[in-house]
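Trainee: Have a look at the structure that comes next, please.
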Amino acid sequence: MASALISIRVEGDKIEIVDQLLLPHVTRYIEINSPEDAHDAIKTMKIRGAPAIASLASLSFSRYLTRALHQVPLPEFLATAEGIRGHVYPILDYLYTARPTAVNLGNATRRLKKLLEDLIAAKEEPKAIVDALIAEGKLVSDEDLGRNKAMAKWGGDWLINRAQPSSPKTLNVLTVCNTGSLATSGYGTALGLITYLHEVGQLDKAYFTQTTPYHQGSRLTALELKTLQIPSVMICDTMVGSLFQHFPIHAVAVGADRIARNGDTANKIGTYNAAVIAARHNIPFIVVAPISTVDLDIESGEKIPIEQRPALEACLVRGAIYPPQGDKVEQAQVMITPTGLEGIYNPSFDVTPAELITAIVTEKGVAVKKDGEKTFDLTPIV
Ligand SMILES: CSC[C@H]1O[C@H](OP(=O)(O)O)[C@H](O)[C@@H]1O
């Protein structure tokens, strides 16, 4: 199978990300030299995807501390545990302000703060504390690939067992947005499940929505599936109902940005639409996300903060001039609306009630609702 695209590249203490605003026509890696660079890249969506933004934030934090250890003279904050706490807390809090909905980012910063507090409580020396924080920041990214493959197998095997395909290469799965290697540190979440089905010879086609206005589907999922040589069909966001009426779709598999304790799930705008229509057609709706996406502090979906993206982003489309002039790719950003449009509603996410979700998959397994229940008990999978 062709090699997947890489969202974050780390060589020594050099961090680079592919600028996803330029994909699929231009692959340009940009250096991330500070937490400020990471914050900007996340906020402007040069990198996106709940796990990927948590990985980049954590890697940038580790790189910052690595560079501090090499400064001569050593920065004062490294002299005491309290100095380290006073210095790094604002950095972690700042990173978490980049985007509000994906809880992975918040879980990563809380995880690093908890490690710091545990080491202070254990009266560890400042150097040992910094070394541990550097290692943990890298681990947030390194552990992502393995858990994505675990989730893909859990969810893929669950779907195969439920669908009982009579012959190979018969399962059709719809996904929303982009949840592949560009949204994670490798293999993906919902797109990882689709990749697994392909790898075990059970997938017929991957269907995906364009996912406007950022076009994660048209630009990123299309590129990933083409790169992976997985048969796919793109549909406009408005075509989900027609697809279910006219084609045998065996499941909808989506990622998540935050899952509340009862299973209500925030994901890319348009996910709720697909869930309602899937329920109408008795098509299983599967959420695939790492445990770091579950927010047990939030009882239900009403409490999940929904990011409102800038209105202008709903008016613009990025792409390449077509037809190309020769073999030159010329990027363009096109305004599709009248200028100065007043009323624009542009939420980046919506919340799908647990009632409409058939299964939630994490790296620990698959949860389904008990008979007659409208919400999940996520205990077995967190
Ligand atoms: C595994 S990615 C999770 C999640 O992130 C995406 O949102 P965005 O592209 O705005 O970062 C989308 O909601 C994916 O499902």
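Order determines the names: the first chain of the structure tokens is A, the second B, and so forth; residues in each chain are numbered 1 upward, and ligands are numbered 1 upward as they are shown.
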Within 8 Å of ligand 1, counting only C-alpha atoms and all ligand atoms, which protein or nucleic acid residues do you find, written as a ChimeraX atom specification?
Mentor: /A:45,47-53,102,176-180,183-184,188-190,214,216,254-257,266-269,289,348-349
Trainee: Which region 253-323 of chain A residues have any atom within 8 Å of an atom of region 97-101 of chain A, and for each, what is the nearest pair of atoms with distance in Å to one decimal, counting only C-alpha atoms, rows sorted by chain and number, as JSON lines?
Mentor:
{"residue": "A:Asp257", "atom": "CA", "partner": "A:Thr101", "partner_atom": "CA", "distance": 6.3}
{"residue": "A:Arg258", "atom": "CA", "partner": "A:Thr101", "partner_atom": "CA", "distance": 6.7}
{"residue": "A:Ala266", "atom": "CA", "partner": "A:Thr101", "partner_atom": "CA", "distance": 7.8}
{"residue": "A:Ile304", "atom": "CA", "partner": "A:Thr101", "partner_atom": "CA", "distance": 6.9}
{"residue": "A:Pro305", "atom": "CA", "partner": "A:Thr101", "partner_atom": "CA", "distance": 5.5}
{"residue": "A:Ile306", "atom": "CA", "partner": "A:Thr101", "partner_atom": "CA", "distance": 5.6}
{"residue": "A:Glu307", "atom": "CA", "partner": "A:Thr101", "partner_atom": "CA", "distance": 6.0}
Trainee: Which neighbours of Ser60 (chain A) fall inside 10 Å, counting only C-alpha atoms, when residues of the same chain fewer than 3 positions from it are skipped, and could you give them as a PyMOL selection string?
Mentor: chain A and resi 13-15+32-39+55-57+63-66+95+134+137-138
Trainee: Output as a ChimeraX atom specification all residues of region 157-349 of chain A that backbone DSSP marks as helix (DSSP H, G or I).
Mentor: /A:157-163,190-199,216-227,237-246,271-280,291-293,301-303,311-314
Trainee: Might you pull out every residue within 10 Å of region 126-131 of chain A, with only C-alpha atoms counted and same-chain residues fewer than 4 positions away left off, and present them as a VMD selection string?
Mentor: chain A and resid 62 65 to 66 68 to 69 77 to 84 115 to 120 135 to 136
Trainee: Quick one: write out the picked residues with C-alpha atoms as a CSV table (one decimal), in the first residue's frame?
Mentor:
chain,number,residue,atom,x,y,z
A,62,SER,CA,9.0,19.8,24.5
A,65,LEU,CA,12.1,23.1,27.1
A,66,THR,CA,14.9,21.3,25.2
A,68,ALA,CA,15.9,26.2,27.3
A,69,LEU,CA,18.2,23.5,28.6
A,77,PHE,CA,13.1,29.5,35.7
A,78,LEU,CA,15.0,26.2,35.5
A,79,ALA,CA,16.6,26.7,38.9
A,80,THR,CA,13.7,25.6,41.0
A,81,ALA,CA,10.6,23.4,40.7
A,82,GLU,CA,8.4,26.4,41.5
A,83,GLY,CA,10.2,28.4,38.9
A,84,ILE,CA,9.4,25.8,36.3
A,115,LEU,CA,3.1,15.3,35.6
A,116,LEU,CA,4.7,18.5,36.8
A,117,GLU,CA,2.7,18.5,40.0
A,118,ASP,CA,3.4,14.8,40.7
A,119,LEU,CA,7.2,15.4,40.2
A,120,ILE,CA,7.1,18.5,42.5
A,135,ALA,CA,9.7,13.1,27.2
A,136,GLU,CA,6.0,13.3,28.1
Trainee: Given the choices A:Asp350, A:Asp93, A:Glu224, A:Glu199, which gets closest to Ala152 (chain A) if the distance is worked out from only C-alpha atoms?
Mentor: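 Counting only C-alpha atoms, the residue closest to Ala152 (chain A) is A:Glu199.
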Trainee: Which of region 51-244 of chain A end up as strand (DSSP E or B) when DSSP is run on this backbone - answer as a PyMOL selection string?
Mentor: chain A and resi 171-175+203-209+232-235
Trainee: Between A:Leu92, A:Ala222, A:Ala4, A:Ile277, which one has atoms that come closest to Asn107 (chain A), using only C-alpha atoms?
Mentor: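 For Asn107 (chain A), the nearest of the given residues is A:Leu92.
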Trainee: So what do you get for CA of Lys46 (chain A) versus CA of Glu31 (chain A), distance-wise?
Mentor: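 Between these atoms lies a distance of 11.6 Å.
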Trainee: For a quick check of understanding, using only C-alpha atoms, which of A:Lys169, A:Thr352, A:Glu313, A:Ala279 has the smallest distance to Gln333 (chain A)?
Mentor: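 Among A:Lys169, A:Thr352, A:Glu313, A:Ala279, it is A:Glu313 that comes nearest to Gln333 (chain A).
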Trainee: Under the rule that only C-alpha atoms are counted, which of A:Thr175, A:Tyr94, A:Ser167, A:Leu223 is the nearest residue to Gly201 (chain A)?
Mentor: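 Checking each candidate against Gly201 (chain A), we get A:Ser167 as the closest.
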Trainee: Work out how far apart CA of Glu125 (chain A) and CA of Leu74 (chain A) are and give it in Å to one decimal.
Mentor: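 Distance reported for this atom pair: 14.9 Å.
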Trainee: CA of Leu145 (chain A) and CA of Ser58 (chain A), how far apart in Å?
Mentor: 15.3 Å
Trainee: Using only C-alpha atoms, determine which residues lie at most 10 Å from Asp157 (chain A), disregarding the query and same-chain residues fewer than 4 positions distant; provide the list as a list in words.
Mentor: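 Surrounding residues, per the criterion: Met151, Ala152, Lys153, Asn161, Arg162, Ala163, Leu193, Tyr196, Leu197, Val200 and Val366 of chain A.
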Trainee: Output the selection as a PDB file, in the first residue's frame - N, CA and C atoms for each residue.
Mentor:
ATOM      1  N   MET A 151      -7.688   1.066  17.449  1.00  0.00           N
ATOM      2  CA  MET A 151      -9.090   1.484  17.257  1.00  0.00           C
ATOM      3  C   MET A 151      -9.631   0.964  15.938  1.00  0.00           C
ATOM      4  N   ALA A 152      -8.782   1.068  14.901  1.00  0.00           N
ATOM      5  CA  ALA A 152      -9.226   0.647  13.566  1.00  0.00           C
ATOM      6  C   ALA A 152      -9.608  -0.823  13.583  1.00  0.00           C
ATOM      7  N   LYS A 153      -8.823  -1.638  14.296  1.00  0.00           N
ATOM      8  CA  LYS A 153      -9.117  -3.070  14.355  1.00  0.00           C
ATOM      9  C   LYS A 153     -10.368  -3.328  15.189  1.00  0.00           C
ATOM     10  N   ASN A 161     -18.319  -8.055  11.958  1.00  0.00           N
ATOM     11  CA  ASN A 161     -19.140  -9.023  12.689  1.00  0.00           C
ATOM     12  C   ASN A 161     -20.623  -8.661  12.606  1.00  0.00           C
ATOM     13  N   ARG A 162     -20.906  -7.361  12.656  1.00  0.00           N
ATOM     14  CA  ARG A 162     -22.313  -6.917  12.598  1.00  0.00           C
ATOM     15  C   ARG A 162     -22.886  -7.066  11.188  1.00  0.00           C
ATOM     16  N   ALA A 163     -22.076  -6.718  10.189  1.00  0.00           N
ATOM     17  CA  ALA A 163     -22.593  -6.689   8.800  1.00  0.00           C
ATOM     18  C   ALA A 163     -22.629  -8.083   8.175  1.00  0.00           C
ATOM     19  N   LEU A 193     -10.219   3.143  10.492  1.00  0.00           N
ATOM     20  CA  LEU A 193     -11.142   1.995  10.417  1.00  0.00           C
ATOM     21  C   LEU A 193     -11.389   1.624   8.965  1.00  0.00           C
ATOM     22  N   TYR A 196      -8.368  -0.048   7.584  1.00  0.00           N
ATOM     23  CA  TYR A 196      -8.281  -1.437   8.085  1.00  0.00           C
ATOM     24  C   TYR A 196      -9.203  -2.347   7.273  1.00  0.00           C
ATOM     25  N   LEU A 197     -10.434  -1.909   7.029  1.00  0.00           N
ATOM     26  CA  LEU A 197     -11.373  -2.723   6.231  1.00  0.00           C
ATOM     27  C   LEU A 197     -10.774  -3.001   4.843  1.00  0.00           C
ATOM     28  N   VAL A 200      -7.954  -5.616   5.129  1.00  0.00           N
ATOM     29  CA  VAL A 200      -8.396  -7.013   5.351  1.00  0.00           C
ATOM     30  C   VAL A 200      -9.336  -7.479   4.243  1.00  0.00           C
ATOM     31  N   VAL A 366     -14.927  -1.294  22.041  1.00  0.00           N
ATOM     32  CA  VAL A 366     -16.155  -0.771  21.441  1.00  0.00           C
ATOM     33  C   VAL A 366     -17.241  -0.725  22.505  1.00  0.00           C
TER      34      VAL A 366
END
Trainee: Near Val317 (chain A), within 9 Å and counting only C-alpha atoms, which residues show up once chain neighbours fewer than 4 positions away are dropped, as a CSV table (one decimal) with C-alpha atoms, in the first residue's frame?
Mentor:
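And here's part-v5.csv as it stands now:
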chain,number,residue,atom,x,y,z
A,212,THR,CA,-17.5,22.7,3.5
A,213,PRO,CA,-16.4,25.3,4.1
A,214,TYR,CA,-12.8,24.2,4.9
A,215,HIS,CA,-13.3,21.2,2.5
A,313,GLU,CA,-14.0,31.4,5.9
A,332,ALA,CA,-6.0,30.6,-5.7
A,333,GLN,CA,-8.5,31.7,-3.1
A,334,VAL,CA,-11.9,32.6,-4.5
A,335,MET,CA,-14.7,34.6,-3.0
A,336,ILE,CA,-17.9,32.9,-3.8
